[in-house]
Structures are given as structure tokens and as C-alpha cells.
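Visitor: Sharing a structure with you now.
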Amino acid sequence: MLTNQTLSPSRETQGAAEETRERPTITPPVDVYENDAELLLIADLPGVARDAIELNLEDGALTLSARRTRLIEGAVLGDEIGDGDYLRSFRLPRGLDLESVKAELDSGTLKIRLPKAKEFRPRQIAITAA
Amino acid sequence: MFMPYNDFDRTLAVVDAIRRRMDRAFSDVATTDVTRSGDAARASLYDAGSELLLAVEVPGYKEENLDLTIHRDVLTLKGERSLEAPEGYRAHRVERRSQSFARSFKLSAPVDVERTKASLSDGVLSVRMTKSPEAQPRRIAVGA
């Protein structure tokens with residue numbers, strides 16, 4: 001059921017100009033939750049705008065990459081934030097409805113909702129008296 | 001039915017953590033007299049001539065979770081976020097933490113507190129401080 005699919009507009013990598021300097025990769029902290037209806041991933045991505053996030057579903061894995069923009073003005077007195085872009089990849093379980101994945105960004109926190117396919121959701125069976 | 005969640009990049013995460021720690025050791029130089037508690041709220045400080053700019057990473061924090069004060073040449077930022085598992089969900093992996101932090105920055109120049117502006121955007125707090133008149137850079141005409 002997993003198809004090669006791109007959820008958000010994918011960055012054109014073919015023929016794109018390359019950075020002259022390699023940018024470091026940052027591993028953002030991610031929580032993974034599950035209930036009967038969906039799998040919920042929550043990632044802290046400070047400094048990322050909505051259109052700088054890319055979610056790719058490919059070969060049964062979800063890859064989250066996000067380009068960080070930051071304002072640098074004048075002389076640097078101290079820098080802990082540093083350059084770099086976020087990258088994280090998760091192998092997904094079977095039984096998700098990957099056509100209906102939703103993501104929302106709020107205050108530097110990204111929520112990704114991966115609904116379970118109907119046939120994989122638990123169902124209550126009513127027992128009737130004979 | 002659901003498998004444990006493996007991700008491929010845990011080893012990279014360790015390397016990344018070490019790199020950040022080293023970066024931090026080098027960046028806490030005398031100009032930014034930084035005191036900190038907790039591994040939160042990474043910050044960068046810039047001197048843009050007439051202004052000082054501070055950027056702090058505070059993902060998931062709202063305005064009311066942050067407390068910013070400037071006293072003389074010391075800026076203090078306190079923050080607190082409490083995270084709870086969403087109701088009705090089982091947790092498979094919890095890497096984001098509730099945290100509180102307090103950080104102080106020694107500013108390299110006195111600033112005009114009245115003209116200081118702070119804004120929160122995409123999980124980053126930006127503080128823009130105008131230097132006091134006596135700390136403003138001035139051009140001196142060179143006489144003949």
C-alpha cells in the first residue's frame with residue numbers, strides 16, 4: 001500500500017545549484033504517539049518557516065527535512081544556534097493511510113498526523129443476545 | 001500491530017550533540033557572559049552597530065511562557081514550557097521535554113530599554129535593542 005509519493009512540493013534537486021559550503025544536519029527532538037485512529041509525530045523545529053518544510057514518504061519511510069533561516073546582522077558576539085538544517089527519518093509501520101497525512105506548524109513545533117487505514121483500526125463488535 | 005519505531009539517524013544524533021557541545025564551548029566567549037541552566041534555549045548575539053540583536057530558540061513557547069528583563073547591561077530571559085502527552089494517545093518515543101530555563105547575557109553596551117523590541121516567530125525569540133546614545137558608533141571627521 002506504500003506508494004512513492006511526495007506530500008509537499010518537493011525541492012527540485014535535479015540541476016539545482018549546490019551550496020559551496022556543506023551545511024550541518026541537526027537532529028530535532030521528535031515525539032511519537034499513537035491512538036486508535038492515527039500515528040502522531042511532534043517535532044521541535046525552531047527557526048523554520050512553513051514553506052521550508054518537506055515531508056517525503058518513500059519506501060515505507062517518512063523523511064522530514066526542514067531548512068532553517070536565521071537572521072544574522074553585524075558582528076557575531078556569540079553563536080550557539082549555528083548553521084544547519086533539520087533532518088529526521090522514520091520507518092513507518094504498515095496500515096497507514098498515506099494519502100491523508102496532515103501536518104501543521106505552530107510556534108516552531110510541527111505536528112504530523114498519519115491516519116490509520118480503516119481496516120487497521122480496532123472495531124467494537126456489538127454482541128447481541130441470542 | 002505497530003512496530004517499534006526505528007530511525008536511521010540516531011548515531012548521527014550523537015555526533016551532532018557532541019558537535020553542538022563543542023561549538024558551545026567555543027562560543028561562550030567573554031563578550032557574551034552567558035550563565036545557563038538546563039540544556040535549552042540556544043542563543044546567538046549580534047552587534048549591528050547601533051543595535052544589539054539576540055535570537056533565542058524557544059520552540060513551543062508562547063509569549064506568556066517567557067519573561068524578559070534588562071537591568072543595566074544584563075539581559076535575563078526565563079522560560080517554562082510544560083508538555084503533556086496528548087490525551088488518549090500512547091507514547092512510543094518522547095524526546096521533547098518539559099523544561100524551564102533561565103539565561104543571562106552580559107550586553108557589550110548599555111541599551112535603551114524603552115526602545116527594545118522583542119518578537120516571537122517560528123519558535124525563535126528575537127530581541128532588538130538600541131544602544132544608548134553614548135554607546136552609538138560615531139564617525140569622526142578627520143581634519144586637514
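Each chain in the C-alpha cells gets a letter, A, B and so on, in the order shown; residues start at 1 in every chain, and ligands are counted from 1 in the order they appear.
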So that I can check the surroundings of A:Pro28, please list as a count of residues only every protein, DNA and RNA residue that reaches within 8 Å of it, counting only C-alpha atoms and ignoring chain neighbours fewer than 5 positions away.

Guide: 6

Visitor: Neighbours of A:Thr109 within 12 Å (only C-alpha atoms; same-chain residues fewer than 6 positions away dropped), as a VMD selection string?

Guide: (chain A and resid 28 to 31 41 to 50 53 66 103) or (chain B and resid 57 to 62 83 96 121 to 124)

Visitor: Tell me, counting only C-alpha atoms, for each residue of chain A within 10 Å of chain B, which pair of atoms is nearest and how far apart they are in Å to one decimal, in rows ordered by chain and increasing number, as a tab-separated table.

Guide:
```
residue	atom	partner	partner_atom	distance
A:Pro24	CA	B:Asp16	CA	8.5
A:Thr25	CA	B:Asp16	CA	7.5
A:Ile26	CA	B:Asp16	CA	6.5
A:Thr27	CA	B:Ala13	CA	5.6
A:Pro28	CA	B:Ala13	CA	8.6
A:Pro29	CA	B:Glu95	CA	5.2
A:Val30	CA	B:Glu95	CA	5.5
A:Asp31	CA	B:Val94	CA	4.5
A:Val32	CA	B:Arg93	CA	4.9
A:Tyr33	CA	B:Ala91	CA	4.5
A:Glu34	CA	B:Tyr89	CA	5.1
A:Asn35	CA	B:Tyr89	CA	4.7
A:Asp36	CA	B:Tyr89	CA	8.2
A:Ala37	CA	B:Tyr89	CA	9.6
A:Glu38	CA	B:Tyr89	CA	9.1
A:Leu39	CA	B:Tyr89	CA	8.8
A:Leu40	CA	B:Tyr89	CA	8.6
A:Leu41	CA	B:Arg93	CA	9.2
A:Ile42	CA	B:Arg96	CA	8.4
A:Ala43	CA	B:Arg96	CA	7.8
A:Asp44	CA	B:Pro59	CA	5.8
A:Leu45	CA	B:Pro59	CA	6.6
A:Pro46	CA	B:Gly123	CA	4.6
A:Gly47	CA	B:Asp122	CA	5.4
A:Val48	CA	B:Asp122	CA	6.1
A:Ala49	CA	B:Asp122	CA	6.4
A:Arg50	CA	B:Asp122	CA	8.6
A:Ala61	CA	B:Asp7	CA	9.0
A:Leu62	CA	B:Asp7	CA	9.6
A:Thr63	CA	B:Asp7	CA	9.8
A:Arg70	CA	B:Ala55	CA	8.7
A:Leu71	CA	B:Ala55	CA	8.3
A:Ile72	CA	B:Tyr46	CA	7.3
A:Glu73	CA	B:Ala48	CA	5.6
A:Gly74	CA	B:Ala48	CA	4.0
A:Ala75	CA	B:Asp47	CA	5.0
A:Val76	CA	B:Tyr46	CA	4.6
A:Leu77	CA	B:Tyr46	CA	5.3
A:Gly78	CA	B:Leu45	CA	5.2
A:Asp79	CA	B:Ser44	CA	4.2
A:Glu80	CA	B:Ala43	CA	5.4
A:Ile81	CA	B:Arg42	CA	5.6
A:Gly82	CA	B:Ser44	CA	8.1
A:Leu87	CA	B:Asp9	CA	8.7
A:Arg88	CA	B:Asp9	CA	6.9
A:Ser89	CA	B:Asp7	CA	5.7
A:Phe90	CA	B:Asp7	CA	4.6
A:Arg91	CA	B:Asn6	CA	6.1
A:Leu92	CA	B:Tyr5	CA	7.2
A:Pro93	CA	B:Phe2	CA	5.7
A:Arg94	CA	B:Phe2	CA	7.5
A:Gly95	CA	B:Phe2	CA	8.7
A:Leu105	CA	B:Asp122	CA	8.4
A:Asp106	CA	B:Asp122	CA	7.1
A:Ser107	CA	B:Gly123	CA	4.6
A:Gly108	CA	B:Gly123	CA	3.9
A:Thr109	CA	B:Gly60	CA	5.6
A:Leu110	CA	B:Gly60	CA	9.3
A:Phe120	CA	B:Met1	CA	8.6
```

Visitor: List as a ChimeraX atom specification the protein and nucleic acid residues near stretch 96-102 of chain A, meaning an atom at most 7 Å away when only C-alpha atoms are counted, but skip any in the same chain fewer than 2 places from it.

Guide: /A:94,104,112-117

Visitor: If you measure from atom CA of B:Glu84 to atom CA of B:Asp67, what distance in Å do you get, rounded to one decimal?

Guide: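 Taking atom CA of B:Glu84 and atom CA of B:Asp67, their separation equals 21.6 Å.
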
Visitor: List every residue of chain A that DSSP, applied to the backbone of this structure, assigns to helix (DSSP H, G or I), and report them as an MDAnalysis selection string.

Guide: chainID A and resid 50:52 98:100 118:120
